[in-house]
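Working notes, beginning with the structure itself.
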Amino acid sequence: MKKKIVVAITGASGAIYAHLLLKKLNQLKDQIAEVAVVMSDNAKDVWRFELGNDDYSKQNYKFYAKNDFMAPFASGSAKFDTMVIVPCSMGTLGRIAGGISDDLISRAADVILKERRKLILVARDTPFNLIHIRNMATVTEAGGIICPAIPSYYSKPQTIEELAMTVVNRVVDLIGLQNESYEWMGI
């Protein structure tokens with residue numbers, strides 16, 4: 001069955017992860033029914049600053065405004081089965097953990113959790129304070145998956161993009177898409 005996926009992009013550092021995930025989902029489009037995207041204003045600023053472009057506006061996906069509570073994925077009846085927040089700011093994590101649905105990102109996350117569907121938060125901050133850790137525990141206990149943007153080095157990445165793809169490929173695996181990527185075979 002093809003996946004219906006929400007990709008939310010917040011203003012945490014790590015726009016490269018969102019950029020590469022959107023590219024990867026486009027490559028895997030035969031496994032996907034729909035991808036909907038919502039970005040915070042800060043996410044747009046961070047994307048321009050870190051990536052030096054505004055290519056988010058050129059993606060081949062439907063974008064929704066951060067306060068568009070009429071977006072289909074603001075309701076469980078739309079049956080989006082997965083939501084990825086990439087990168088996920090600690091503020092967004094805190095609002096989700098606290099059940100505060102003050103924008104489309106936190107509302108959609110709340111919907112995904114209440115419907116017992118897959119919520120993946122690509123947390124991007126360091127170090128974590130105790131509040132962050134408790135918020136991660138709360139979201140995990142509610143059924144979410146915390147996937148920190150911590151790259152791996154087993155595949156011996158040679159570029160920043162290859163390094164970031166180690167996180168993106170992990171996210172794609174968590175979504176449940178068939179994906180060719182590095183697999184650990186031991187030493």
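Labels used: A, B, ... for chains in the order of the structure tokens, numbers from 1 for residues in each chain, and numbers from 1 for ligands as shown.
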Exercise for review: Taking the DSSP assignment computed from this structure's backbone, write out as number ranges by chain all residues of stretch 77-178 of chain A that belong to strand (DSSP E).
Suggested key: A: 82-88, 118-123, 145-146
Grab the residues selected above and save them as a PDB file, in the first residue's frame with N, CA, C and O atoms.
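File written: result36.pdb
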```
ATOM      1  N   THR A  82       1.971   8.636   8.025  1.00  0.00           N
ATOM      2  CA  THR A  82       3.291   8.961   8.578  1.00  0.00           C
ATOM      3  C   THR A  82       3.497  10.465   8.553  1.00  0.00           C
ATOM      4  O   THR A  82       3.137  11.129   7.584  1.00  0.00           O
ATOM      5  N   MET A  83       4.115  10.963   9.609  1.00  0.00           N
ATOM      6  CA  MET A  83       4.554  12.356   9.639  1.00  0.00           C
ATOM      7  C   MET A  83       6.000  12.392  10.080  1.00  0.00           C
ATOM      8  O   MET A  83       6.364  11.743  11.070  1.00  0.00           O
ATOM      9  N   VAL A  84       6.815  13.132   9.337  1.00  0.00           N
ATOM     10  CA  VAL A  84       8.212  13.327   9.684  1.00  0.00           C
ATOM     11  C   VAL A  84       8.425  14.813   9.932  1.00  0.00           C
ATOM     12  O   VAL A  84       8.071  15.633   9.077  1.00  0.00           O
ATOM     13  N   ILE A  85       8.973  15.146  11.079  1.00  0.00           N
ATOM     14  CA  ILE A  85       9.337  16.536  11.357  1.00  0.00           C
ATOM     15  C   ILE A  85      10.850  16.590  11.302  1.00  0.00           C
ATOM     16  O   ILE A  85      11.541  15.995  12.122  1.00  0.00           O
ATOM     17  N   VAL A  86      11.352  17.304  10.268  1.00  0.00           N
ATOM     18  CA  VAL A  86      12.768  17.270   9.963  1.00  0.00           C
ATOM     19  C   VAL A  86      13.252  18.642   9.487  1.00  0.00           C
ATOM     20  O   VAL A  86      12.735  19.132   8.479  1.00  0.00           O
ATOM     21  N   PRO A  87      14.169  19.286  10.141  1.00  0.00           N
ATOM     22  CA  PRO A  87      14.596  18.989  11.499  1.00  0.00           C
ATOM     23  C   PRO A  87      13.506  19.396  12.485  1.00  0.00           C
ATOM     24  O   PRO A  87      12.667  20.243  12.175  1.00  0.00           O
ATOM     25  N   CYS A  88      13.535  18.812  13.644  1.00  0.00           N
ATOM     26  CA  CYS A  88      12.549  19.113  14.671  1.00  0.00           C
ATOM     27  C   CYS A  88      13.195  19.965  15.760  1.00  0.00           C
ATOM     28  O   CYS A  88      14.120  19.511  16.437  1.00  0.00           O
ATOM     29  N   LYS A 118       2.330   6.782  12.545  1.00  0.00           N
ATOM     30  CA  LYS A 118       3.769   6.935  12.763  1.00  0.00           C
ATOM     31  C   LYS A 118       4.203   8.397  12.725  1.00  0.00           C
ATOM     32  O   LYS A 118       4.067   9.071  11.706  1.00  0.00           O
ATOM     33  N   LEU A 119       4.753   8.858  13.853  1.00  0.00           N
ATOM     34  CA  LEU A 119       5.323  10.198  13.973  1.00  0.00           C
ATOM     35  C   LEU A 119       6.819  10.048  14.207  1.00  0.00           C
ATOM     36  O   LEU A 119       7.238   9.414  15.177  1.00  0.00           O
ATOM     37  N   ILE A 120       7.616  10.649  13.325  1.00  0.00           N
ATOM     38  CA  ILE A 120       9.076  10.578  13.413  1.00  0.00           C
ATOM     39  C   ILE A 120       9.606  11.995  13.589  1.00  0.00           C
ATOM     40  O   ILE A 120       9.391  12.853  12.729  1.00  0.00           O
ATOM     41  N   LEU A 121      10.282  12.231  14.712  1.00  0.00           N
ATOM     42  CA  LEU A 121      10.857  13.545  14.987  1.00  0.00           C
ATOM     43  C   LEU A 121      12.374  13.467  14.833  1.00  0.00           C
ATOM     44  O   LEU A 121      13.039  12.760  15.587  1.00  0.00           O
ATOM     45  N   VAL A 122      12.901  14.175  13.863  1.00  0.00           N
ATOM     46  CA  VAL A 122      14.344  14.220  13.642  1.00  0.00           C
ATOM     47  C   VAL A 122      14.873  15.391  14.469  1.00  0.00           C
ATOM     48  O   VAL A 122      15.028  16.513  13.978  1.00  0.00           O
ATOM     49  N   ALA A 123      15.098  15.099  15.741  1.00  0.00           N
ATOM     50  CA  ALA A 123      15.521  16.114  16.710  1.00  0.00           C
ATOM     51  C   ALA A 123      16.899  16.645  16.336  1.00  0.00           C
ATOM     52  O   ALA A 123      17.812  15.879  16.042  1.00  0.00           O
ATOM     53  N   ILE A 145       8.414   8.440  17.462  1.00  0.00           N
ATOM     54  CA  ILE A 145       9.783   7.939  17.321  1.00  0.00           C
ATOM     55  C   ILE A 145      10.713   9.140  17.301  1.00  0.00           C
ATOM     56  O   ILE A 145      10.562  10.039  16.468  1.00  0.00           O
ATOM     57  N   ILE A 146      11.677   9.155  18.204  1.00  0.00           N
ATOM     58  CA  ILE A 146      12.703  10.193  18.212  1.00  0.00           C
ATOM     59  C   ILE A 146      13.898   9.647  17.445  1.00  0.00           C
ATOM     60  O   ILE A 146      14.480   8.625  17.816  1.00  0.00           O
TER      61      ILE A 146
END
```
Exercise for review: DSSP on the backbone, then: every residue of chain A marked helix (DSSP H, G or I), written as an MDAnalysis selection string.
Suggested key: chainID A and resid 15:27 29:31 41:51 55:58 72:74 76:78 90:97 104:114 130:141 160:175
With C-alpha atoms retained, write the just-selected residues as a PDB file, in the first residue's frame.
```pdb
ATOM      1  CA  ALA A  15      17.834  22.211   6.565  1.00  0.00           C
ATOM      2  CA  ILE A  16      20.033  19.800   4.616  1.00  0.00           C
ATOM      3  CA  TYR A  17      18.115  16.896   6.173  1.00  0.00           C
ATOM      4  CA  ALA A  18      14.776  18.261   4.944  1.00  0.00           C
ATOM      5  CA  HIS A  19      16.209  19.015   1.511  1.00  0.00           C
ATOM      6  CA  LEU A  20      17.651  15.523   1.098  1.00  0.00           C
ATOM      7  CA  LEU A  21      14.517  13.831   2.450  1.00  0.00           C
ATOM      8  CA  LEU A  22      12.309  15.645  -0.069  1.00  0.00           C
ATOM      9  CA  LYS A  23      14.687  14.613  -2.875  1.00  0.00           C
ATOM     10  CA  LYS A  24      14.722  11.004  -1.656  1.00  0.00           C
ATOM     11  CA  LEU A  25      10.924  10.832  -1.395  1.00  0.00           C
ATOM     12  CA  ASN A  26      10.724  12.062  -4.987  1.00  0.00           C
ATOM     13  CA  GLN A  27      13.031   9.204  -6.023  1.00  0.00           C
ATOM     14  CA  LYS A  29       7.504   8.215  -5.515  1.00  0.00           C
ATOM     15  CA  ASP A  30       6.284   4.853  -6.845  1.00  0.00           C
ATOM     16  CA  GLN A  31       5.805   3.815  -3.178  1.00  0.00           C
ATOM     17  CA  ASP A  41       8.708  30.809   8.826  1.00  0.00           C
ATOM     18  CA  ASN A  42      11.964  30.140  10.681  1.00  0.00           C
ATOM     19  CA  ALA A  43      12.470  26.992   8.592  1.00  0.00           C
ATOM     20  CA  LYS A  44      12.414  29.091   5.424  1.00  0.00           C
ATOM     21  CA  ASP A  45      14.963  31.498   6.905  1.00  0.00           C
ATOM     22  CA  VAL A  46      17.241  28.672   8.056  1.00  0.00           C
ATOM     23  CA  TRP A  47      16.966  26.921   4.656  1.00  0.00           C
ATOM     24  CA  ARG A  48      18.047  30.114   2.866  1.00  0.00           C
ATOM     25  CA  PHE A  49      20.877  30.720   5.346  1.00  0.00           C
ATOM     26  CA  GLU A  50      22.251  27.156   5.478  1.00  0.00           C
ATOM     27  CA  LEU A  51      21.667  26.046   1.882  1.00  0.00           C
ATOM     28  CA  ASP A  55      14.667  25.700  -3.448  1.00  0.00           C
ATOM     29  CA  TYR A  56      12.046  24.642  -0.924  1.00  0.00           C
ATOM     30  CA  SER A  57       9.631  26.686  -3.060  1.00  0.00           C
ATOM     31  CA  LYS A  58      10.580  24.640  -6.143  1.00  0.00           C
ATOM     32  CA  PRO A  72      -6.267  17.535   4.993  1.00  0.00           C
ATOM     33  CA  PHE A  73      -3.735  16.156   7.470  1.00  0.00           C
ATOM     34  CA  ALA A  74      -5.137  18.390  10.233  1.00  0.00           C
ATOM     35  CA  GLY A  76      -7.430  11.926  11.104  1.00  0.00           C
ATOM     36  CA  SER A  77     -10.035  11.251   8.408  1.00  0.00           C
ATOM     37  CA  ALA A  78      -7.466  12.118   5.697  1.00  0.00           C
ATOM     38  CA  MET A  90      13.080  21.636  20.691  1.00  0.00           C
ATOM     39  CA  GLY A  91      10.227  24.167  20.778  1.00  0.00           C
ATOM     40  CA  THR A  92       8.182  22.019  18.389  1.00  0.00           C
ATOM     41  CA  LEU A  93       9.040  18.914  20.400  1.00  0.00           C
ATOM     42  CA  GLY A  94       7.911  20.675  23.586  1.00  0.00           C
ATOM     43  CA  ARG A  95       4.603  21.774  22.077  1.00  0.00           C
ATOM     44  CA  ILE A  96       3.898  18.257  20.813  1.00  0.00           C
ATOM     45  CA  ALA A  97       4.825  16.721  24.185  1.00  0.00           C
ATOM     46  CA  LEU A 104      -0.430  23.123  11.603  1.00  0.00           C
ATOM     47  CA  ILE A 105       2.771  21.259  12.506  1.00  0.00           C
ATOM     48  CA  SER A 106       1.814  20.619  16.125  1.00  0.00           C
ATOM     49  CA  ARG A 107      -1.839  19.946  15.166  1.00  0.00           C
ATOM     50  CA  ALA A 108      -0.836  17.377  12.542  1.00  0.00           C
ATOM     51  CA  ALA A 109       1.538  15.697  15.010  1.00  0.00           C
ATOM     52  CA  ASP A 110      -1.290  15.536  17.548  1.00  0.00           C
ATOM     53  CA  VAL A 111      -3.556  13.946  14.913  1.00  0.00           C
ATOM     54  CA  ILE A 112      -0.923  11.373  13.964  1.00  0.00           C
ATOM     55  CA  LEU A 113      -0.441  10.403  17.620  1.00  0.00           C
ATOM     56  CA  LYS A 114      -4.155  10.228  18.445  1.00  0.00           C
ATOM     57  CA  LEU A 130      16.537  17.549  31.016  1.00  0.00           C
ATOM     58  CA  ILE A 131      13.407  19.253  29.636  1.00  0.00           C
ATOM     59  CA  HIS A 132      14.304  18.074  26.109  1.00  0.00           C
ATOM     60  CA  ILE A 133      14.895  14.540  27.348  1.00  0.00           C
ATOM     61  CA  ARG A 134      11.610  14.462  29.266  1.00  0.00           C
ATOM     62  CA  ASN A 135       9.763  15.802  26.225  1.00  0.00           C
ATOM     63  CA  MET A 136      11.362  13.073  24.103  1.00  0.00           C
ATOM     64  CA  ALA A 137      10.253  10.477  26.652  1.00  0.00           C
ATOM     65  CA  THR A 138       6.695  11.861  26.627  1.00  0.00           C
ATOM     66  CA  VAL A 139       6.465  11.746  22.830  1.00  0.00           C
ATOM     67  CA  THR A 140       7.990   8.247  22.789  1.00  0.00           C
ATOM     68  CA  GLU A 141       5.491   7.035  25.394  1.00  0.00           C
ATOM     69  CA  ILE A 160      28.430  16.601   3.804  1.00  0.00           C
ATOM     70  CA  GLU A 161      25.516  15.372   1.683  1.00  0.00           C
ATOM     71  CA  GLU A 162      26.618  11.737   2.040  1.00  0.00           C
ATOM     72  CA  LEU A 163      26.971  12.227   5.786  1.00  0.00           C
ATOM     73  CA  ALA A 164      23.497  13.790   6.069  1.00  0.00           C
ATOM     74  CA  MET A 165      22.071  10.989   3.908  1.00  0.00           C
ATOM     75  CA  THR A 166      22.986   8.498   6.636  1.00  0.00           C
ATOM     76  CA  VAL A 167      20.288  10.169   8.760  1.00  0.00           C
ATOM     77  CA  VAL A 168      17.836  10.566   5.867  1.00  0.00           C
ATOM     78  CA  ASN A 169      18.174   6.906   4.889  1.00  0.00           C
ATOM     79  CA  ARG A 170      17.408   5.929   8.476  1.00  0.00           C
ATOM     80  CA  VAL A 171      14.280   8.093   8.363  1.00  0.00           C
ATOM     81  CA  VAL A 172      13.212   6.519   5.059  1.00  0.00           C
ATOM     82  CA  ASP A 173      13.634   3.076   6.665  1.00  0.00           C
ATOM     83  CA  LEU A 174      11.523   4.196   9.640  1.00  0.00           C
ATOM     84  CA  ILE A 175       8.794   5.401   7.258  1.00  0.00           C
TER      85      ILE A 175
END
```
Study note, to complete from the structure: Shortest contact to A:Val6, candidates A:Ala36, A:Met70, A:Leu28, A:Ala65, atoms counted only C-alpha atoms, goes to A:Ala36
Check your understanding: When you draw a straight line from atom CA of A:Val7 to atom CA of A:Asp54, how long is it in Å?
Key -> 16.9 Å
Point to revise | Minimum-distance residue to A:Arg124, chosen among A:Ser75, A:Ser40, A:Gln178, A:Ser89 (using only C-alpha atoms) | key: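 Between A:Ser75, A:Ser40, A:Gln178, A:Ser89, the residue approaching A:Arg124 most closely is A:Ser89.
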Point to revise | Atomic distance atom CA of A:Ala142 - atom CA of A:Lys4, expressed in Å with one decimal | key: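 If I compute the distance from atom CA of A:Ala142 to atom CA of A:Lys4, I get 20.8 Å.
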Review point. In Å, with one decimal, what is the gap from atom CA of A:Gly98 to atom CA of A:Pro151?
Key: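 Computed distance, atom CA of A:Gly98 to atom CA of A:Pro151, equals 28.0 Å.
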